[in-house]
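Next comes target-v2.cif, with mmCIF, C-alpha atoms.
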```cif
data_run
#
loop_
_atom_site.label_atom_id
_atom_site.label_comp_id
_atom_site.auth_asym_id
_atom_site.auth_seq_id
_atom_site.Cartn_x
_atom_site.Cartn_y
_atom_site.Cartn_z
CA MET A 1 92.04 38.02 -27.27
CA ASN A 2 90.56 35.82 -30.00
CA LYS A 3 89.22 33.50 -27.35
CA TYR A 4 87.52 36.41 -25.64
CA ILE A 5 85.90 37.55 -28.87
CA LEU A 6 84.66 34.01 -29.63
CA LEU A 7 83.10 33.69 -26.18
CA THR A 8 81.42 37.07 -26.55
CA PHE A 9 80.01 36.09 -29.96
CA LEU A 10 78.66 32.77 -28.67
CA SER A 11 77.05 34.53 -25.71
CA SER A 12 75.33 36.96 -28.06
CA LEU A 13 74.01 34.13 -30.21
CA SER A 14 72.76 32.35 -27.12
CA PHE A 15 71.08 35.52 -25.90
CA PHE A 16 69.34 36.20 -29.18
CA GLY A 17 68.38 32.51 -29.56
CA CYS A 18 66.77 32.49 -26.12
CA GLN A 19 65.03 35.76 -26.88
CA GLU A 20 63.59 34.26 -30.12
CA LYS A 21 62.35 31.18 -28.30
CA THR A 22 60.56 33.17 -25.67
CA GLN A 23 58.81 35.54 -28.08
CA THR A 24 55.05 35.24 -27.86
CA VAL A 25 52.74 35.14 -30.85
CA ALA A 26 51.50 38.64 -30.03
CA GLU A 27 55.07 39.93 -29.98
CA VAL A 28 55.88 38.33 -33.32
CA ILE A 29 52.72 39.80 -34.86
CA ALA A 30 53.69 43.22 -33.51
CA THR A 31 56.97 43.12 -35.48
CA ASN A 32 55.04 43.21 -38.80
CA ASP A 33 57.86 41.09 -40.18
CA LEU A 34 56.52 38.55 -42.71
CA GLN A 35 59.58 36.31 -42.38
CA GLN A 36 59.29 36.14 -38.61
CA LEU A 37 55.54 35.50 -38.82
CA ARG A 38 56.06 32.56 -41.19
CA ALA A 39 58.86 31.18 -39.06
CA LYS A 40 56.73 31.40 -35.93
CA ARG A 41 53.81 29.64 -37.65
CA ALA A 42 56.05 26.84 -38.89
CA ALA A 43 57.46 26.37 -35.42
CA ILE A 44 54.02 26.17 -33.83
CA GLY A 45 52.87 23.73 -36.54
CA ASP A 46 55.78 21.43 -35.73
CA GLN A 47 54.93 21.64 -32.06
CA HIS A 48 51.25 20.85 -32.78
CA GLN A 49 52.16 17.80 -34.84
CA ALA A 50 54.51 16.57 -32.14
CA LEU A 51 51.85 17.07 -29.46
CA SER A 52 49.23 15.23 -31.53
CA GLN A 53 51.55 12.27 -31.93
CA ASP A 54 52.21 12.31 -28.21
CA LEU A 55 48.46 12.41 -27.45
CA GLU A 56 47.78 9.47 -29.75
CA ALA A 57 50.55 7.49 -28.12
CA LEU A 58 49.14 8.27 -24.69
CA ASP A 59 45.60 7.29 -25.80
CA ARG A 60 46.88 3.94 -27.08
CA ALA A 61 48.68 3.32 -23.84
CA ILE A 62 45.62 4.29 -21.78
CA GLY A 63 43.41 2.09 -23.96
CA LYS A 64 45.60 -0.92 -23.27
CA LEU A 65 45.59 -0.34 -19.54
CA ASP A 66 41.96 0.86 -19.10
CA GLN A 67 39.51 -0.55 -21.68
CA SER A 68 36.55 1.30 -20.11
CA GLU A 69 38.14 4.72 -20.63
CA LYS A 70 36.63 5.35 -24.10
CA LEU A 71 33.51 3.18 -24.01
CA SER A 72 30.25 4.94 -24.93
CA LEU A 73 27.18 3.77 -23.06
CA VAL A 74 24.34 2.84 -25.46
CA THR A 75 21.13 0.87 -25.67
CA ALA A 76 20.54 -1.44 -28.62
CA LEU A 77 17.45 -2.51 -30.57
CA VAL A 78 17.20 -5.97 -32.16
CA VAL A 79 15.60 -5.58 -35.60
CA THR A 80 12.99 -8.25 -36.35
CA PRO A 81 10.45 -8.44 -39.24
CA GLU A 82 7.00 -7.15 -38.32
CA VAL A 83 3.79 -5.91 -39.93
CA PHE A 84 4.08 -2.31 -41.06
CA GLU A 85 1.08 -0.25 -42.16
CA HIS A 86 1.37 3.18 -43.70
CA PHE A 87 -1.58 5.55 -43.66
CA LEU A 88 -2.33 8.44 -45.99
CA GLN A 89 -3.95 11.33 -44.14
CA VAL A 90 -6.64 13.52 -45.72
CA GLN A 91 -9.33 15.75 -44.30
CA GLY A 92 -12.99 14.84 -44.68
CA ASP A 93 -16.42 16.08 -43.71
CA VAL A 94 -19.34 14.14 -42.32
CA ALA A 95 -22.26 14.00 -44.74
CA THR A 96 -25.58 12.22 -45.15
CA LYS A 97 -27.77 11.76 -48.18
CA GLN A 98 -30.82 12.27 -45.96
CA ASN A 99 -30.30 15.81 -44.75
CA ILE A 100 -32.88 18.11 -46.30
CA VAL A 101 -34.81 21.31 -45.71
CA LEU A 102 -38.57 20.90 -46.13
CA TYR A 103 -40.54 23.57 -48.00
CA PRO A 104 -44.34 23.78 -48.30
CA GLN A 105 -46.01 22.84 -51.57
CA PHE A 106 -48.91 25.16 -50.80
CA SER A 107 -48.94 28.91 -50.16
CA GLY A 108 -50.81 30.09 -47.11
CA GLN A 109 -50.73 30.60 -43.38
CA LEU A 110 -48.78 28.05 -41.33
CA GLN A 111 -51.58 26.92 -39.06
CA THR A 112 -50.18 24.18 -36.83
CA LEU A 113 -46.72 22.74 -36.08
CA HIS A 114 -47.06 19.13 -34.96
CA VAL A 115 -43.38 18.49 -34.07
CA SER A 116 -40.51 20.18 -32.23
CA VAL A 117 -36.74 20.18 -32.54
CA GLY A 118 -35.27 16.78 -31.64
CA ASP A 119 -38.45 14.78 -32.33
CA GLN A 120 -37.98 11.41 -34.01
CA VAL A 121 -40.43 10.97 -36.89
CA LYS A 122 -41.37 8.17 -39.26
CA LYS A 123 -41.78 8.43 -42.99
CA GLY A 124 -45.18 9.97 -43.80
CA ALA A 125 -45.68 11.51 -40.35
CA LEU A 126 -47.59 14.82 -40.32
CA LEU A 127 -45.23 17.66 -39.44
CA ALA A 128 -47.28 20.80 -40.10
CA THR A 129 -50.65 21.92 -41.43
CA LEU A 130 -51.37 25.04 -43.48
CA ASP A 131 -54.66 26.95 -43.85
CA ASP A 132 -56.31 25.28 -46.87
CA ASN A 133 -58.37 28.33 -47.88
CA GLY A 134 -61.62 26.35 -47.93
CA LEU A 135 -60.34 23.37 -49.90
CA ALA A 136 -61.58 20.94 -47.24
CA GLN A 137 -65.15 22.22 -47.57
CA GLN A 138 -64.90 22.13 -51.35
CA LEU A 139 -63.67 18.56 -51.15
CA ASN A 140 -66.62 17.57 -48.95
CA GLN A 141 -69.05 18.99 -51.50
CA LEU A 142 -67.29 17.23 -54.35
CA GLN A 143 -67.33 13.95 -52.46
CA VAL A 144 -71.11 14.28 -52.01
CA GLN A 145 -71.54 15.01 -55.71
CA GLU A 146 -69.26 12.09 -56.56
CA ALA A 147 -71.36 9.79 -54.40
CA LEU A 148 -74.52 10.93 -56.19
CA ALA A 149 -72.90 10.49 -59.60
CA LYS A 150 -71.77 7.04 -58.58
CA THR A 151 -75.28 6.00 -57.48
CA THR A 152 -76.79 7.33 -60.73
CA PHE A 153 -74.21 5.50 -62.79
CA GLU A 154 -74.68 2.21 -60.92
CA ARG A 155 -78.48 2.35 -61.39
CA GLN A 156 -78.14 3.26 -65.06
CA GLU A 157 -75.62 0.46 -65.51
CA LYS A 158 -78.02 -2.01 -63.90
CA LEU A 159 -80.83 -0.94 -66.20
CA TRP A 160 -78.54 -1.12 -69.20
CA ASN A 161 -77.54 -4.66 -68.28
CA GLN A 162 -81.28 -5.49 -68.28
CA ASN A 163 -81.69 -3.88 -71.71
CA ILE A 164 -83.73 -1.07 -70.18
CA GLY A 165 -83.06 2.52 -71.21
CA SER A 166 -80.87 3.90 -73.94
CA GLU A 167 -77.14 3.58 -74.42
CA LEU A 168 -76.83 7.37 -74.40
CA GLN A 169 -78.27 7.58 -70.90
CA TYR A 170 -75.82 4.93 -69.74
CA LEU A 171 -72.83 6.69 -71.30
CA GLN A 172 -73.86 10.07 -69.92
CA ALA A 173 -74.11 8.65 -66.40
CA LYS A 174 -70.73 6.96 -66.73
CA THR A 175 -69.05 10.10 -68.05
CA GLN A 176 -70.58 12.23 -65.32
CA TYR A 177 -69.35 9.86 -62.61
CA GLU A 178 -65.80 9.63 -64.00
CA ALA A 179 -65.53 13.42 -64.38
CA GLN A 180 -66.79 13.96 -60.83
CA GLN A 181 -64.36 11.33 -59.55
CA SER A 182 -61.40 13.01 -61.31
CA LEU A 183 -62.35 16.44 -59.94
CA THR A 184 -62.60 15.08 -56.42
CA GLN A 185 -59.14 13.51 -56.72
CA GLN A 186 -57.63 16.77 -57.95
CA VAL A 187 -59.00 18.77 -55.03
CA ALA A 188 -57.96 16.01 -52.60
CA GLN A 189 -54.40 16.15 -53.95
CA GLN A 190 -54.42 19.92 -53.68
CA LEU A 191 -55.65 19.70 -50.09
CA GLU A 192 -52.90 17.17 -49.29
CA LYS A 193 -50.33 19.80 -50.29
CA SER A 194 -51.51 21.94 -47.40
CA LYS A 195 -49.81 19.38 -45.14
CA ILE A 196 -46.06 18.91 -44.66
CA THR A 197 -45.12 15.28 -44.07
CA ALA A 198 -41.81 13.47 -43.46
CA PRO A 199 -40.30 12.00 -46.65
CA PHE A 200 -38.18 9.55 -44.63
CA ASP A 201 -37.46 8.43 -41.07
CA GLY A 202 -35.35 10.96 -39.22
CA THR A 203 -34.94 13.64 -36.59
CA ILE A 204 -36.27 17.19 -36.68
CA ASP A 205 -33.00 19.09 -36.56
CA ALA A 206 -34.50 22.59 -36.85
CA VAL A 207 -37.85 24.36 -37.02
CA LEU A 208 -37.38 27.31 -39.36
CA ALA A 209 -40.83 28.93 -39.26
CA GLU A 210 -43.40 29.74 -36.59
CA ALA A 211 -47.10 28.98 -36.51
CA GLY A 212 -49.12 31.87 -37.87
CA THR A 213 -46.60 33.02 -40.45
CA VAL A 214 -47.50 33.08 -44.12
CA VAL A 215 -45.33 30.81 -46.24
CA SER A 216 -44.87 30.48 -49.98
CA ALA A 217 -44.75 27.22 -51.91
CA GLY A 218 -41.16 26.18 -52.58
CA MET A 219 -39.78 29.41 -51.10
CA SER A 220 -40.20 29.38 -47.31
CA PRO A 221 -38.17 26.79 -45.34
CA VAL A 222 -40.10 25.19 -42.48
CA PHE A 223 -38.11 22.19 -41.16
CA ARG A 224 -34.70 20.58 -41.43
CA LEU A 225 -35.00 16.78 -41.32
CA VAL A 226 -31.89 14.64 -40.80
CA ASN A 227 -31.37 10.90 -40.74
CA LEU A 228 -28.15 10.14 -38.81
CA SER A 229 -28.28 6.39 -39.34
CA ASN A 230 -26.73 6.54 -42.80
CA MET A 231 -23.91 9.07 -42.50
CA TYR A 232 -20.57 8.87 -44.30
CA LEU A 233 -17.38 10.87 -44.77
CA LYS A 234 -16.53 12.53 -48.05
CA ALA A 235 -12.97 13.54 -48.91
CA ASP A 236 -10.68 14.38 -51.82
CA VAL A 237 -7.52 12.31 -52.41
CA PRO A 238 -4.56 13.33 -54.64
CA GLU A 239 -4.57 11.46 -57.96
CA GLY A 240 -1.14 9.96 -57.20
CA TYR A 241 -2.87 7.55 -54.78
CA LEU A 242 -5.41 6.26 -57.31
CA ASN A 243 -3.91 2.74 -57.31
CA GLU A 244 -3.52 2.55 -53.53
CA VAL A 245 -6.87 3.93 -52.36
CA THR A 246 -9.51 1.40 -53.42
CA PRO A 247 -12.90 0.26 -52.04
CA GLY A 248 -12.51 -1.84 -48.92
CA LYS A 249 -9.24 -0.25 -47.76
CA LYS A 250 -8.94 0.02 -43.98
CA VAL A 251 -9.50 3.51 -42.56
CA MET A 252 -9.04 5.08 -39.14
CA ILE A 253 -11.17 8.19 -38.57
CA ASP A 254 -10.08 10.76 -36.00
CA PHE A 255 -12.45 13.46 -34.74
CA PRO A 256 -10.11 15.92 -32.95
CA VAL A 257 -12.97 18.02 -31.57
CA LEU A 258 -14.62 14.99 -29.97
CA ASP A 259 -11.38 13.19 -29.04
CA LEU A 260 -12.90 10.16 -30.76
CA GLU A 261 -11.44 7.53 -33.10
CA VAL A 262 -13.55 5.22 -35.28
CA ALA A 263 -12.47 2.30 -37.49
CA SER A 264 -14.07 1.99 -40.92
CA SER A 265 -13.29 1.34 -44.60
CA VAL A 266 -13.46 3.05 -47.99
CA ARG A 267 -17.02 2.64 -49.31
CA SER A 268 -16.63 4.02 -52.82
CA VAL A 269 -14.06 5.76 -55.02
CA GLY A 270 -14.96 8.40 -57.60
CA ARG A 271 -14.16 7.84 -61.28
CA TYR A 272 -13.57 11.51 -62.02
CA ILE A 273 -10.34 13.50 -61.55
CA ASN A 274 -11.01 17.11 -60.64
CA PRO A 275 -8.90 19.15 -63.10
CA ASP A 276 -8.68 22.11 -60.71
CA ASN A 277 -6.86 20.32 -57.88
CA ARG A 278 -6.04 16.91 -59.44
CA THR A 279 -7.95 14.92 -56.83
CA PHE A 280 -10.63 12.23 -56.84
CA SER A 281 -13.42 11.85 -54.31
CA ILE A 282 -14.01 8.99 -51.90
CA GLU A 283 -16.74 8.00 -49.47
CA VAL A 284 -15.94 6.34 -46.15
CA ALA A 285 -18.62 4.41 -44.30
CA LEU A 286 -19.40 5.89 -40.90
CA PRO A 287 -21.23 3.65 -38.44
CA ASN A 288 -22.89 6.28 -36.29
CA ASN A 289 -23.04 4.64 -32.90
CA LYS A 290 -21.92 7.90 -31.32
CA ALA A 291 -24.62 10.53 -30.92
CA GLN A 292 -22.10 13.39 -30.94
CA ILE A 293 -21.16 12.85 -34.60
CA LYS A 294 -23.04 15.40 -36.69
CA PRO A 295 -23.23 16.29 -40.40
CA ASN A 296 -20.50 18.69 -41.59
CA LEU A 297 -18.22 17.71 -38.69
CA THR A 298 -14.56 17.72 -39.78
CA ALA A 299 -12.45 14.58 -39.39
CA GLN A 300 -8.91 13.39 -40.14
CA ILE A 301 -9.08 10.29 -42.33
CA HIS A 302 -6.13 7.87 -42.20
CA ILE A 303 -6.27 5.51 -45.19
CA ASN A 304 -4.14 2.37 -45.23
CA ASP A 305 -2.36 2.80 -48.59
CA TYR A 306 0.62 0.46 -47.98
CA THR A 307 1.26 -2.71 -45.95
CA ASN A 308 4.44 -4.77 -45.53
CA ALA A 309 4.06 -7.95 -43.51
CA GLN A 310 7.87 -8.42 -43.12
CA ALA A 311 9.12 -4.88 -42.57
CA LEU A 312 12.31 -3.92 -40.75
CA LEU A 313 11.64 -0.82 -38.67
CA VAL A 314 13.88 1.54 -36.71
CA PRO A 315 13.02 4.69 -34.75
CA GLN A 316 13.46 7.94 -36.68
CA SER A 317 15.73 9.20 -33.91
CA VAL A 318 18.51 6.70 -34.77
CA LEU A 319 18.80 7.83 -38.40
CA SER A 320 21.56 10.26 -39.38
CA GLU A 321 22.58 11.79 -42.69
CA ASN A 322 26.06 12.48 -44.07
CA ALA A 323 27.23 15.33 -46.29
CA ALA A 324 26.41 13.33 -49.43
CA GLY A 325 22.79 12.94 -48.36
CA ASP A 326 23.10 9.25 -47.48
CA GLN A 327 21.22 8.05 -44.42
CA TYR A 328 22.90 5.70 -41.98
CA VAL A 329 22.50 3.94 -38.65
CA TYR A 330 24.98 2.42 -36.23
CA THR A 331 24.81 -1.30 -35.52
CA THR A 332 26.72 -3.23 -32.87
CA GLU A 333 29.39 -5.80 -33.72
CA TYR A 334 31.42 -7.88 -31.27
CA ASP A 335 35.19 -7.89 -31.88
CA GLN A 336 36.59 -11.23 -30.73
CA ASP A 337 40.22 -10.08 -30.80
CA ARG A 338 39.58 -7.01 -28.68
CA GLY A 339 36.83 -8.60 -26.60
CA GLN A 340 34.64 -5.54 -27.12
CA SER A 341 31.48 -4.44 -28.87
CA LEU A 342 32.06 -1.85 -31.57
CA ALA A 343 29.80 0.64 -33.32
CA LYS A 344 29.56 0.04 -37.09
CA LYS A 345 28.12 2.58 -39.52
CA ARG A 346 25.61 1.17 -42.02
CA ILE A 347 24.35 3.15 -45.02
CA VAL A 348 20.63 2.38 -45.39
CA ILE A 349 17.83 2.99 -47.88
CA THR A 350 14.57 3.96 -46.22
CA GLY A 351 10.97 3.42 -47.27
CA LYS A 352 7.84 4.90 -45.77
CA THR A 353 7.52 6.53 -42.37
CA GLU A 354 4.63 6.06 -39.97
CA GLY A 355 4.59 7.63 -36.54
CA ASP A 356 8.03 7.37 -34.91
CA PHE A 357 9.27 4.49 -37.08
CA VAL A 358 10.90 4.27 -40.51
CA GLU A 359 10.88 1.28 -42.85
CA ILE A 360 14.40 0.13 -43.84
CA LEU A 361 14.53 -1.37 -47.33
CA GLN A 362 18.29 -1.99 -47.61
CA GLY A 363 21.31 -1.82 -45.33
CA ILE A 364 20.37 -4.00 -42.38
CA GLN A 365 19.18 -7.56 -41.98
CA PRO A 366 16.79 -9.32 -39.56
CA GLY A 367 18.58 -9.94 -36.27
CA ASP A 368 20.93 -6.95 -36.59
CA THR A 369 21.28 -4.87 -33.46
CA VAL A 370 20.89 -1.14 -34.05
CA ILE A 371 22.12 1.44 -31.54
CA ALA A 372 19.13 3.39 -30.23
CA GLU A 373 19.99 5.65 -27.29
CA GLY A 374 23.48 7.01 -27.78
CA ALA A 375 23.44 6.75 -31.58
CA ARG A 376 24.32 10.44 -31.94
CA SER A 377 27.42 10.23 -29.76
CA VAL A 378 29.32 7.30 -31.31
CA LYS A 379 31.65 6.97 -34.28
CA ASP A 380 32.38 4.16 -36.71
CA GLY A 381 34.58 1.53 -35.03
CA GLN A 382 34.29 3.07 -31.57
CA PRO A 383 34.16 0.66 -28.61
CA ILE A 384 30.80 0.74 -26.83
CA SER A 385 29.19 -0.63 -23.72
CA ILE A 386 25.62 -1.93 -24.25
CA LEU A 387 23.51 -1.14 -21.21
CA LYS A 388 20.34 -2.81 -22.48
CA THR A 389 19.15 -4.70 -25.57
CA ILE A 390 15.52 -4.23 -26.60
CA THR A 391 13.39 -6.31 -28.96
CA HIS A 392 10.78 -4.10 -30.62
CA GLU A 393 7.25 -5.52 -30.53
#
```

For the file at hand, write its structure as structure tokens.
Amino acid sequence: MNKYILLTFLSSLSFFGCQEKTQTVAEVIATNDLQQLRAKRAAIGDQHQALSQDLEALDRAIGKLDQSEKLSLVTALVVTPEVFEHFLQVQGDVATKQNIVLYPQFSGQLQTLHVSVGDQVKKGALLATLDDNGLAQQLNQLQVQEALAKTTFERQEKLWNQNIGSELQYLQAKTQYEAQQSLTQQVAQQLEKSKITAPFDGTIDAVLAEAGTVVSAGMSPVFRLVNLSNMYLKADVPEGYLNEVTPGKKVMIDFPVLDLEVASSVRSVGRYINPDNRTFSIEVALPNNKAQIKPNLTAQIHINDYTNAQALLVPQSVLSENAAGDQYVYTTEYDQDRGQSLAKKRIVITGKTEGDFVEILQGIQPGDTVIAEGARSVKDGQPISILKTITHE
């Protein structure tokens, strides 16, 4: 009887034990029993730890038998010192000191236009003539009177030199001649103002008035005259670059609208800091051998503000950053014992960036091999297979 009871008890324990083992997580959750939930979690945690240990053991065994199983395929870049130039970019506008609008100095009707848009003119060339309101006739009369006064004076002077006649007659003749001469010059100067002439060599960029219109002195624009042989770029540079941007610095000028690039240099640097935007002005020489460059055209100015003749450069794409904000790259290192190349993390300090490349100040040395393609998929100490090694030029 006791034996029967013992067997029944053991069977019950076995039944309940098997039932507990086969309970799913959902079934345990459905019981709303905190003790069972904790027990189930502990059991699964033990199983997870055991499985992880088994997986690690299997990985080690696979690694010994098949070394290519975990190799990441990468390309590597040999880091060698090279010249690195950094360029500050600012926006500038094309300007010229010989770009002016011509106004008449004389009020009257615009009688004749002697030039058209696009004409090349020399300094002093006649551009337009205004109605002189009879000044030309007046000048002719004055010139005749001046000639008469001159003849009278010369005769009186000759007589005076021969001690003939009085000093008063001589002085009156001289005064009359000089007064007539001065009056003639005044009218001649006034008549000259009825003409518009070119103040310098250049091109007629615009004709702003038509023949026959009445213009006012200093008020009515008639021509725009431009000299494109002495153009330059003007730009404002932040004051923080005052020590780097100096006369003679190399400059690359990009005209996006024209798809044109021109090499030049900084011509002059302003001595005044604008208090409104904390910038100083610069002028960049612009050799205008391209007819399409015009005044007021916008350009991107790239100023060489930093040069390192022995820089170590890496592509921006190989740089990563950890949670602490440190930047790092992966280099390759050959493990003699394992007979494999490994990826090694290197914390680096970067300098300036230009284009796709970053200057590395600390963290790598000349001759180091940095992982380029595949840098995002490797870990520190991971075996790698180098498909290709590149030397950057």

Carefully work through the PyMOL selection byres ((chain A and resi 338) around 12) for this structure and note down the residues it includes, as a JSON list (two decimals) with C-alpha atoms, in the frame of the given file.
```json
[["chain", "number", "residue", "atom", "x", "y", "z"],
["A", 63, "GLY", "CA", 43.41, 2.09, -23.96],
["A", 64, "LYS", "CA", 45.60, -0.92, -23.27],
["A", 67, "GLN", "CA", 39.51, -0.55, -21.68],
["A", 333, "GLU", "CA", 29.39, -5.80, -33.72],
["A", 334, "TYR", "CA", 31.42, -7.88, -31.27],
["A", 335, "ASP", "CA", 35.19, -7.89, -31.88],
["A", 336, "GLN", "CA", 36.59, -11.23, -30.73],
["A", 337, "ASP", "CA", 40.22, -10.08, -30.80],
["A", 339, "GLY", "CA", 36.83, -8.60, -26.60],
["A", 340, "GLN", "CA", 34.64, -5.54, -27.12],
["A", 341, "SER", "CA", 31.48, -4.44, -28.87],
["A", 342, "LEU", "CA", 32.06, -1.85, -31.57],
["A", 381, "GLY", "CA", 34.58, 1.53, -35.03],
["A", 382, "GLN", "CA", 34.29, 3.07, -31.57],
["A", 383, "PRO", "CA", 34.16, 0.66, -28.61],
["A", 384, "ILE", "CA", 30.80, 0.74, -26.83]]
```

Name the residues that the PyMOL selection byres ((chain A and resi 295) around 9) picks from the file above, as a list in words, using the file's chain letters and numbers.
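Answer for the PyMOL selection byres ((chain A and resi 295) around 9): Asp93, Val94, Ala95, Thr96, Asn99, Val226, Leu228, Met231, Tyr232, Ile293, Lys294, Asn296, Leu297 and Thr298 of chain A.
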
The PyMOL selection byres ((chain A and resi 117) around 12) applied to the shown file, residues as a PyMOL selection string:
chain A and resi 113-116+118-121+127+202-209+222-226

Write out as JSON lines the residues of region 195-297 of chain A that have any atom within 12 Å of an atom of region 73-90 of chain A, one row each with the nearest atom pair and its distance in Å to one decimal, counting all atoms listed in the file, sorted by chain and then rising number.
```
{"residue": "A:Leu233", "atom": "CA", "partner": "A:Val90", "partner_atom": "CA", "distance": 11.1}
{"residue": "A:Lys234", "atom": "CA", "partner": "A:Val90", "partner_atom": "CA", "distance": 10.2}
{"residue": "A:Ala235", "atom": "CA", "partner": "A:Val90", "partner_atom": "CA", "distance": 7.1}
{"residue": "A:Asp236", "atom": "CA", "partner": "A:Val90", "partner_atom": "CA", "distance": 7.4}
{"residue": "A:Val237", "atom": "CA", "partner": "A:Val90", "partner_atom": "CA", "distance": 6.9}
{"residue": "A:Pro238", "atom": "CA", "partner": "A:Val90", "partner_atom": "CA", "distance": 9.2}
{"residue": "A:Gly240", "atom": "CA", "partner": "A:Leu88", "partner_atom": "CA", "distance": 11.4}
{"residue": "A:Tyr241", "atom": "CA", "partner": "A:Leu88", "partner_atom": "CA", "distance": 8.9}
{"residue": "A:Leu242", "atom": "CA", "partner": "A:Leu88", "partner_atom": "CA", "distance": 11.9}
{"residue": "A:Glu244", "atom": "CA", "partner": "A:Leu88", "partner_atom": "CA", "distance": 9.6}
{"residue": "A:Val245", "atom": "CA", "partner": "A:Leu88", "partner_atom": "CA", "distance": 9.0}
{"residue": "A:Lys249", "atom": "CA", "partner": "A:Phe87", "partner_atom": "CA", "distance": 10.4}
{"residue": "A:Lys250", "atom": "CA", "partner": "A:Phe87", "partner_atom": "CA", "distance": 9.2}
{"residue": "A:Val251", "atom": "CA", "partner": "A:Phe87", "partner_atom": "CA", "distance": 8.3}
{"residue": "A:Met252", "atom": "CA", "partner": "A:Phe87", "partner_atom": "CA", "distance": 8.7}
{"residue": "A:Ile253", "atom": "CA", "partner": "A:Gln89", "partner_atom": "CA", "distance": 9.6}
{"residue": "A:Asp254", "atom": "CA", "partner": "A:Gln89", "partner_atom": "CA", "distance": 10.2}
{"residue": "A:Thr279", "atom": "CA", "partner": "A:Val90", "partner_atom": "CA", "distance": 11.3}
{"residue": "A:Phe280", "atom": "CA", "partner": "A:Val90", "partner_atom": "CA", "distance": 11.9}
{"residue": "A:Ser281", "atom": "CA", "partner": "A:Val90", "partner_atom": "CA", "distance": 11.1}
{"residue": "A:Ile282", "atom": "CA", "partner": "A:Val90", "partner_atom": "CA", "distance": 10.6}
{"residue": "A:Val284", "atom": "CA", "partner": "A:Val90", "partner_atom": "CA", "distance": 11.8}
```

Go ahead and write the selection's residues with C-alpha atoms as a PDB file, in the coordinates of the input.
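Dumped everything to out.pdb:
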```pdb
ATOM      1  CA  LEU A 233     -17.380  10.870 -44.770  1.00  0.00           C
ATOM      2  CA  LYS A 234     -16.530  12.530 -48.050  1.00  0.00           C
ATOM      3  CA  ALA A 235     -12.970  13.540 -48.910  1.00  0.00           C
ATOM      4  CA  ASP A 236     -10.680  14.380 -51.820  1.00  0.00           C
ATOM      5  CA  VAL A 237      -7.520  12.310 -52.410  1.00  0.00           C
ATOM      6  CA  PRO A 238      -4.560  13.330 -54.640  1.00  0.00           C
ATOM      7  CA  GLY A 240      -1.140   9.960 -57.200  1.00  0.00           C
ATOM      8  CA  TYR A 241      -2.870   7.550 -54.780  1.00  0.00           C
ATOM      9  CA  LEU A 242      -5.410   6.260 -57.310  1.00  0.00           C
ATOM     10  CA  GLU A 244      -3.520   2.550 -53.530  1.00  0.00           C
ATOM     11  CA  VAL A 245      -6.870   3.930 -52.360  1.00  0.00           C
ATOM     12  CA  LYS A 249      -9.240  -0.250 -47.760  1.00  0.00           C
ATOM     13  CA  LYS A 250      -8.940   0.020 -43.980  1.00  0.00           C
ATOM     14  CA  VAL A 251      -9.500   3.510 -42.560  1.00  0.00           C
ATOM     15  CA  MET A 252      -9.040   5.080 -39.140  1.00  0.00           C
ATOM     16  CA  ILE A 253     -11.170   8.190 -38.570  1.00  0.00           C
ATOM     17  CA  ASP A 254     -10.080  10.760 -36.000  1.00  0.00           C
ATOM     18  CA  THR A 279      -7.950  14.920 -56.830  1.00  0.00           C
ATOM     19  CA  PHE A 280     -10.630  12.230 -56.840  1.00  0.00           C
ATOM     20  CA  SER A 281     -13.420  11.850 -54.310  1.00  0.00           C
ATOM     21  CA  ILE A 282     -14.010   8.990 -51.900  1.00  0.00           C
ATOM     22  CA  VAL A 284     -15.940   6.340 -46.150  1.00  0.00           C
TER      23      VAL A 284
END
```

Tell me, as a ChimeraX atom specification, which residues lie within 9 Å of region 170-172 of chain A, counting all atoms listed in the file; anything in the same chain fewer than 4 positions away does not count.
/A:153,156-157,159-160,165-166,176-177

With distances taken over only C-alpha atoms, which residue among A:Leu37, A:Val215, A:Leu58, A:Ala136 lies nearest Val187 (chain A)?
A:Ala136

Emit as AutoDock Vina command-line options the padded axis-aligned box for all listed atoms of region 171-179 of chain A, 3 Å per side, with centre and edge lengths in Å to one decimal.
```
--center_x -69.8 --center_y 10.1 --center_z -67.0 --size_x 14.6 --size_y 12.7 --size_z 14.7
```

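Every protein, DNA or RNA residue with an atom at most 8 Å from region 357-370 of chain A, where all atoms listed in the file count and chain neighbours fewer than 2 positions away do not, is listed here: Ala76, Leu77, Val78, Val79, Thr80, Pro81, Phe84, Ala311, Leu312, Leu313, Val314, Pro315, Gln316, Val329, Tyr330, Thr331, Thr332, Arg346, Ile347, Val348, Ile349, Thr350, Gly351, Lys352, Thr353, Glu354, Gly355 and Ala372 of chain A.
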
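All residues that come within 9 Å of the coordinates (-50.0, 21.3, -39.2), counting all atoms listed in the file, are given as Leu110, Gln111, Thr112, Leu113, His114, Val115, Leu126, Leu127, Ala128, Thr129, Leu130, Asp131, Ser194, Lys195, Ile196 and Ala211 of chain A.
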
At what distance in Å, to one decimal, does CA of Arg376 (chain A) lie from CA of Tyr328 (chain A)?
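Result for CA of Tyr328 (chain A) versus CA of Arg376 (chain A): 11.2 Å, one decimal.
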